[in-house]
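my_file.txt follows (compact mmCIF, C-alpha atoms and all ligand atoms):
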# COMPACT_ATOMS: atom_id res chain seq x y z
CA MET A 1 118.13 114.60 96.57
CA ILE A 2 114.89 115.92 95.13
CA ASP A 3 115.07 119.72 94.83
CA PRO A 4 112.18 121.91 96.05
CA ASP A 5 110.87 122.63 92.50
CA ARG A 6 110.72 118.94 91.64
CA PHE A 7 109.11 118.16 95.01
CA GLU A 8 106.48 120.80 94.21
CA GLU A 9 105.89 119.19 90.80
CA MET A 10 105.46 115.76 92.43
CA ARG A 11 103.06 117.27 94.94
CA ARG A 12 100.91 118.81 92.16
CA LEU A 13 100.86 115.56 90.17
CA LEU A 14 99.80 113.64 93.29
CA GLU A 15 97.03 116.16 93.94
CA THR A 16 95.52 115.53 90.51
CA ARG A 17 95.97 111.74 90.78
CA VAL A 18 94.38 110.79 94.13
CA LYS A 19 91.19 111.87 95.91
CA PRO A 20 91.42 114.94 98.22
CA SER A 21 91.38 112.97 101.50
CA ARG A 22 94.22 110.74 100.23
CA TYR A 23 96.17 113.81 99.13
CA LEU A 24 95.79 115.39 102.61
CA HIS A 25 96.89 112.10 104.24
CA SER A 26 99.95 112.00 101.94
CA MET A 27 100.91 115.56 102.89
CA GLY A 28 100.56 114.58 106.57
CA VAL A 29 102.75 111.51 106.08
CA SER A 30 105.37 113.56 104.22
CA GLN A 31 105.59 116.16 107.00
CA THR A 32 105.54 113.57 109.79
CA ALA A 33 108.21 111.46 108.07
CA GLU A 34 110.40 114.55 107.67
CA GLN A 35 110.02 115.34 111.40
CA LEU A 36 110.82 111.75 112.37
CA ALA A 37 113.91 111.82 110.14
CA ARG A 38 115.06 115.01 111.87
CA ILE A 39 114.51 113.48 115.32
CA TYR A 40 116.12 110.13 114.53
CA GLY A 41 118.95 111.34 112.27
CA ALA A 42 117.78 109.97 108.91
CA ASN A 43 117.73 111.67 105.51
CA GLU A 44 114.93 114.28 105.74
CA ASN A 45 114.61 114.79 101.97
CA ASP A 46 114.19 111.05 101.31
CA ALA A 47 111.64 110.83 104.15
CA ALA A 48 109.59 113.77 102.84
CA VAL A 49 109.56 112.42 99.27
CA ALA A 50 108.76 108.81 100.24
CA GLY A 51 106.00 110.04 102.57
CA LEU A 52 104.52 112.23 99.86
CA LEU A 53 104.44 109.46 97.25
CA HIS A 54 103.76 106.37 99.41
CA ASP A 55 100.12 106.07 98.29
CA TRP A 56 100.77 106.87 94.60
CA ASP A 57 99.12 103.62 93.47
CA LYS A 58 96.00 104.13 95.61
CA ALA A 59 94.67 105.76 92.44
CA LEU A 60 94.58 102.37 90.68
CA SER A 61 91.63 99.97 90.70
CA TYR A 62 91.92 96.60 92.46
CA LYS A 63 91.74 94.99 89.01
CA GLU A 64 94.77 96.95 87.82
CA LEU A 65 96.64 96.40 91.11
CA LYS A 66 96.07 92.64 90.88
CA ARG A 67 97.27 92.65 87.26
CA LEU A 68 100.47 94.54 88.17
CA ALA A 69 101.10 92.40 91.27
CA LYS A 70 100.79 89.26 89.15
CA LYS A 71 102.97 90.68 86.35
CA HIS A 72 105.80 91.63 88.75
CA LYS A 73 105.29 88.52 90.96
CA LEU A 74 104.76 90.68 94.05
CA ALA A 75 102.21 88.61 95.93
CA PRO A 76 100.87 85.05 95.87
CA LYS A 77 97.37 84.47 94.56
CA ALA A 78 95.88 84.16 98.07
CA VAL A 79 97.17 87.64 98.98
CA ARG A 80 96.00 89.17 95.68
CA LYS A 81 92.55 87.72 96.25
CA GLN A 82 92.10 88.04 100.01
CA MET A 83 93.82 91.37 100.77
CA PRO A 84 94.01 93.56 97.65
CA GLY A 85 94.34 96.59 99.99
CA VAL A 86 98.03 95.82 100.54
CA LEU A 87 98.91 95.68 96.82
CA HIS A 88 99.22 99.45 96.22
CA SER A 89 102.39 99.57 98.36
CA LEU A 90 103.98 96.63 96.51
CA THR A 91 103.24 97.98 93.02
CA ALA A 92 104.09 101.65 93.76
CA PRO A 93 107.90 101.30 93.39
CA TYR A 94 107.35 100.11 89.79
CA SER A 95 104.84 102.85 88.93
CA LEU A 96 106.95 105.54 90.60
CA HIS A 97 110.15 104.41 88.90
CA GLU A 98 108.42 104.85 85.54
CA GLU A 99 106.95 108.23 86.47
CA PHE A 100 109.99 109.68 88.30
CA PRO A 101 113.15 107.78 87.23
CA GLU A 102 115.31 109.96 89.49
CA LEU A 103 113.83 108.46 92.69
CA SER A 104 116.49 106.55 94.60
CA PRO A 105 116.22 102.80 95.35
CA GLU A 106 116.08 103.73 99.05
CA VAL A 107 112.99 105.90 98.56
CA LEU A 108 111.31 103.31 96.33
CA GLN A 109 111.99 100.58 98.88
CA ALA A 110 110.51 102.63 101.73
CA VAL A 111 107.35 103.18 99.66
CA GLY A 112 107.16 99.47 98.85
CA ARG A 113 107.41 98.50 102.52
CA HIS A 114 104.99 101.01 104.01
CA THR A 115 102.08 98.59 104.47
CA CYS A 116 103.48 95.17 105.41
CA GLY A 117 107.08 96.01 106.35
CA ALA A 118 109.95 93.56 105.94
CA THR A 119 112.36 91.61 108.14
CA ASP A 120 115.26 93.97 107.31
CA MET A 121 113.81 97.46 107.53
CA THR A 122 116.13 100.45 107.12
CA ASP A 123 115.65 103.55 109.27
CA LEU A 124 113.97 105.24 106.30
CA ASP A 125 111.61 102.25 105.83
CA LYS A 126 110.67 102.40 109.52
CA ILE A 127 110.11 106.15 109.44
CA VAL A 128 107.71 106.03 106.47
CA PHE A 129 105.83 103.08 108.01
CA ILE A 130 105.41 104.91 111.33
CA ALA A 131 104.52 108.25 109.70
CA ASP A 132 101.73 106.51 107.76
CA ILE A 133 100.14 105.44 111.05
CA ILE A 134 100.69 108.52 113.23
CA GLU A 135 100.30 111.49 110.83
CA PRO A 136 97.93 114.08 112.36
CA GLY A 137 95.00 113.22 110.06
CA ARG A 138 94.77 109.62 111.30
CA THR A 139 91.82 109.20 113.63
CA PHE A 140 91.33 105.44 113.79
CA GLY A 141 92.83 103.12 116.35
CA ASP A 142 94.75 104.13 119.43
CA VAL A 143 97.63 106.12 117.95
CA ALA A 144 98.08 108.42 120.99
CA PRO A 145 100.69 106.22 122.74
CA LEU A 146 102.67 106.04 119.49
CA ARG A 147 102.62 109.82 119.05
CA GLU A 148 103.68 110.28 122.69
CA ALA A 149 106.56 107.85 122.22
CA VAL A 150 108.14 109.87 119.38
CA GLY A 151 111.55 111.07 120.57
CA ALA A 152 111.09 109.38 123.96
CA VAL A 153 112.00 105.90 122.70
CA SER A 154 114.43 104.69 120.04
CA LEU A 155 113.33 104.37 116.41
CA ASP A 156 113.56 100.57 116.72
CA GLU A 157 111.26 100.59 119.74
CA LEU A 158 108.83 102.98 118.07
CA PHE A 159 108.69 100.74 115.01
CA PHE A 160 108.17 97.67 117.22
CA MET A 161 105.24 99.43 118.94
CA THR A 162 103.76 100.62 115.64
CA TYR A 163 104.04 97.27 113.88
CA GLY A 164 102.49 95.52 116.86
CA SER A 165 99.60 97.97 116.92
CA THR A 166 98.81 97.40 113.23
CA LEU A 167 98.73 93.63 113.77
CA VAL A 168 96.47 94.04 116.82
CA TYR A 169 94.22 96.33 114.78
CA LEU A 170 93.93 93.79 111.93
CA ILE A 171 93.20 90.88 114.25
CA GLU A 172 90.69 92.79 116.39
CA ALA A 173 88.90 93.93 113.21
CA GLY A 174 88.76 90.33 111.95
CA LEU A 175 90.87 91.18 108.90
CA PRO A 176 93.36 88.90 107.11
CA VAL A 177 97.07 89.36 107.83
CA HIS A 178 99.75 89.06 105.15
CA PRO A 179 101.56 85.72 105.68
CA ASP A 180 104.99 87.44 105.78
CA SER A 181 103.89 89.71 108.64
CA LEU A 182 104.38 86.99 111.23
CA ASP A 183 108.02 86.60 110.11
CA VAL A 184 108.47 90.37 110.43
CA TRP A 185 106.93 90.36 113.89
CA ASN A 186 109.08 87.46 115.10
CA VAL A 187 112.27 89.18 113.89
CA LEU A 188 111.22 92.37 115.69
CA VAL A 189 110.58 90.43 118.91
CA ALA A 190 114.00 88.72 118.70
CA GLU A 191 115.82 91.99 117.96
CA ARG A 192 114.03 93.70 120.83
CA ALA A 193 114.99 90.91 123.25
CA GLU A 194 118.65 91.43 122.23
CA ARG A 195 118.34 95.19 122.76
CA LEU A 196 116.81 94.73 126.21
CA GLU A 197 119.47 92.21 127.17
CA GLU A 198 122.21 94.64 126.10
CA GLU A 199 120.58 97.45 128.06
CA ALA A 200 120.26 95.26 131.16
CA GLY A 201 123.95 94.38 130.83
CA ARG A 202 124.84 98.08 130.80
CA CYS A 203 122.80 99.16 133.82
CA ASP A 204 123.11 98.40 137.54
CA SER A 205 121.04 95.25 137.80
CA PRO A 206 122.01 92.65 140.42
CA ALA A 207 123.16 90.39 137.58
CA SER A 208 125.49 92.97 136.07
CA PRO A 209 129.14 93.34 137.13
CA ASP A 210 128.50 97.08 137.66
CA ALA A 211 126.26 96.26 140.60
CA LEU A 212 129.21 94.64 142.36
CA ARG A 213 131.39 97.76 142.14
CA PRO A 214 131.65 100.07 145.21
CA ARG A 215 129.13 102.94 145.30
CA GLY A 216 130.15 106.62 145.45
CA PRO A 217 133.14 108.49 144.07
CA ARG A 218 135.84 106.32 145.62
CA VAL A 219 137.78 105.95 142.40
CA ILE A 220 138.00 108.74 139.87
CA VAL A 221 139.10 107.59 136.46
CA ILE A 222 140.58 110.28 134.23
CA GLU A 223 140.80 109.28 130.57
N1 LIG A 301 100.33 93.28 107.51
C1 LIG A 301 99.16 93.45 106.88
N2 LIG A 301 98.50 92.39 106.37
C2 LIG A 301 97.31 92.54 105.74
N3 LIG A 301 96.70 93.72 105.56
C3 LIG A 301 97.32 94.83 106.05
C4 LIG A 301 98.58 94.75 106.71
N4 LIG A 301 98.94 96.01 107.08
C5 LIG A 301 97.97 96.83 106.65
N5 LIG A 301 96.98 96.14 106.02
C6 LIG A 301 95.77 96.67 105.39
O1 LIG A 301 96.15 97.17 104.12
C7 LIG A 301 95.41 98.34 103.79
C8 LIG A 301 96.34 99.47 103.44
O2 LIG A 301 97.12 99.80 104.58
P1 LIG A 301 98.09 101.05 104.59
O3 LIG A 301 98.87 101.11 103.35
O4 LIG A 301 98.83 101.03 105.88
O5 LIG A 301 97.06 102.25 104.69
P2 LIG A 301 96.95 103.54 103.78
O6 LIG A 301 97.04 103.07 102.39
O7 LIG A 301 95.64 104.10 104.17
O8 LIG A 301 98.08 104.45 104.12
C9 LIG A 301 94.52 98.62 105.00
O9 LIG A 301 93.24 98.12 104.73
C10 LIG A 301 95.18 97.86 106.11
O10 LIG A 301 94.24 97.46 107.07
Represent the structure contained in this file as structure tokens.
Ligand SMILES: Nc1ncnc2c1ncn2[C@@H]1O[C@H](COP(=O)(O)OP(=O)(O)O)[C@@H](O)[C@H]1O
Amino acid sequence: MIDPDRFEEMRRLLETRVKPSRYLHSMGVSQTAEQLARIYGANENDAAVAGLLHDWDKALSYKELKRLAKKHKLAPKAVRKQMPGVLHSLTAPYSLHEEFPELSPEVLQAVGRHTCGATDMTDLDKIVFIADIIEPGRTFGDVAPLREAVGAVSLDELFFMTYGSTLVYLIEAGLPVHPDSLDVWNVLVAERAERLEEEAGRCDSPASPDALRPRGPRVIVIE
């Protein structure tokens, strides 16, 4: 738990570290992540802190990011060379741990996964990833359906939609995609198929045993 005074200190340090537009984006991600955590029952303090600090390493040059990524073995050479834009998320847990040793592993992990995700995302990881895309300051891409889906669909479904939209965006823009992202996507597709199958098993589809039961209140079960 980061207390309000410490949060305020982190906020001020971020403001002096990154450019104004990045600072505003970070404030938007922090607030959006906190709201998502409230809606989906995750830790609001962790979400607000991870959202605030997720772009901490955007202040570093590509040269420095590549050096850190190589030092900590965070990305293969092809990724360091072809898509240096993803490196800030991978290096940030190391930089933030040095700067703020009290940050929990959960918060550091969510920061580290905010760009490319992972095959085993926690709810906090998903929340920070989604907040980065849908915070109010984001104007690019078609984020409206994602914003409309908040609270109307499960967190897993919202993350599936958000991850898919970032991949579509990258491909349509002719940009390279991190090689691990296809693994992430395939896990999300498989997990979603399981969820849909479970849901279909619970509702009155012709294939479900429920559909064969008599309609109307013929039997009242009192538990
Ligand atoms: N899976 C991915 N593979 C390769 N590049 C990606 C991937 N996801 C995002 N990017 C790119 O990485 C950069 C940083 O993305 P991100 O961290 O989401 O944005 P921001 O730092 O503005 O919050 C962007 O240029 C984005 O297009």
Exercise for review: Select the residues contacting ligand LIG 301 (chain A) at a distance of at most 9 Å, based on only C-alpha atoms and all ligand atoms, then format the selection as a count of residues only.
Suggested key: 38
Point to revise | Ref. answer, residues at most 12 Å from (109.6, 105.1, 97.4) with only C-alpha atoms, as a PyMOL selection string | key: chain A and resi 30+45-57+88-114+124-125+128-129
Expected axis-aligned box over every listed atom of stretch 60-70 of chain A, 6 Å added per side, centre plus edges in Å to one decimal, as JSON:
{"center_x": 96.4, "center_y": 95.8, "center_z": 89.9, "size_x": 21.5, "size_y": 25.1, "size_z": 17.2}
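Between atom CA of A:Pro145 and atom CA of A:Met27 the separation is 21.9 Å.
The coordinates place atom CA of A:Asp5 at 21.7 Å from atom CA of A:Pro20.
Nearest to A:Leu60 of all the residues A:Arg17, A:Thr119, A:Ile39, A:Arg80 is A:Arg17, based on all atoms listed in the file.
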Review point. In Å, how far is it from atom CA of A:Leu36 to atom CA of A:Asp120?
Key: 19.0 Å
Review point. What's the 9 Å shell around A:Asp156, counting all atoms listed in the file, without same-chain residues fewer than 3 positions away, as a VMD selection string?
Key: chain A and resid 123 126 153 159 to 161 188 191 to 192
For the residues in that selection, give me C-alpha atoms as a JSON list (two decimals), in the coordinates of the input.
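Here's the written file again-v1.json:
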[["chain", "number", "residue", "atom", "x", "y", "z"],
["A", 123, "ASP", "CA", 115.65, 103.55, 109.27],
["A", 126, "LYS", "CA", 110.67, 102.40, 109.52],
["A", 153, "VAL", "CA", 112.00, 105.90, 122.70],
["A", 159, "PHE", "CA", 108.69, 100.74, 115.01],
["A", 160, "PHE", "CA", 108.17, 97.67, 117.22],
["A", 161, "MET", "CA", 105.24, 99.43, 118.94],
["A", 188, "LEU", "CA", 111.22, 92.37, 115.69],
["A", 191, "GLU", "CA", 115.82, 91.99, 117.96],
["A", 192, "ARG", "CA", 114.03, 93.70, 120.83]]
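Counting all atoms listed in the file, the residue from A:Gly164, A:Gly174, A:Pro4, A:Gly28 that sits nearest to A:Ala131 is A:Gly28.
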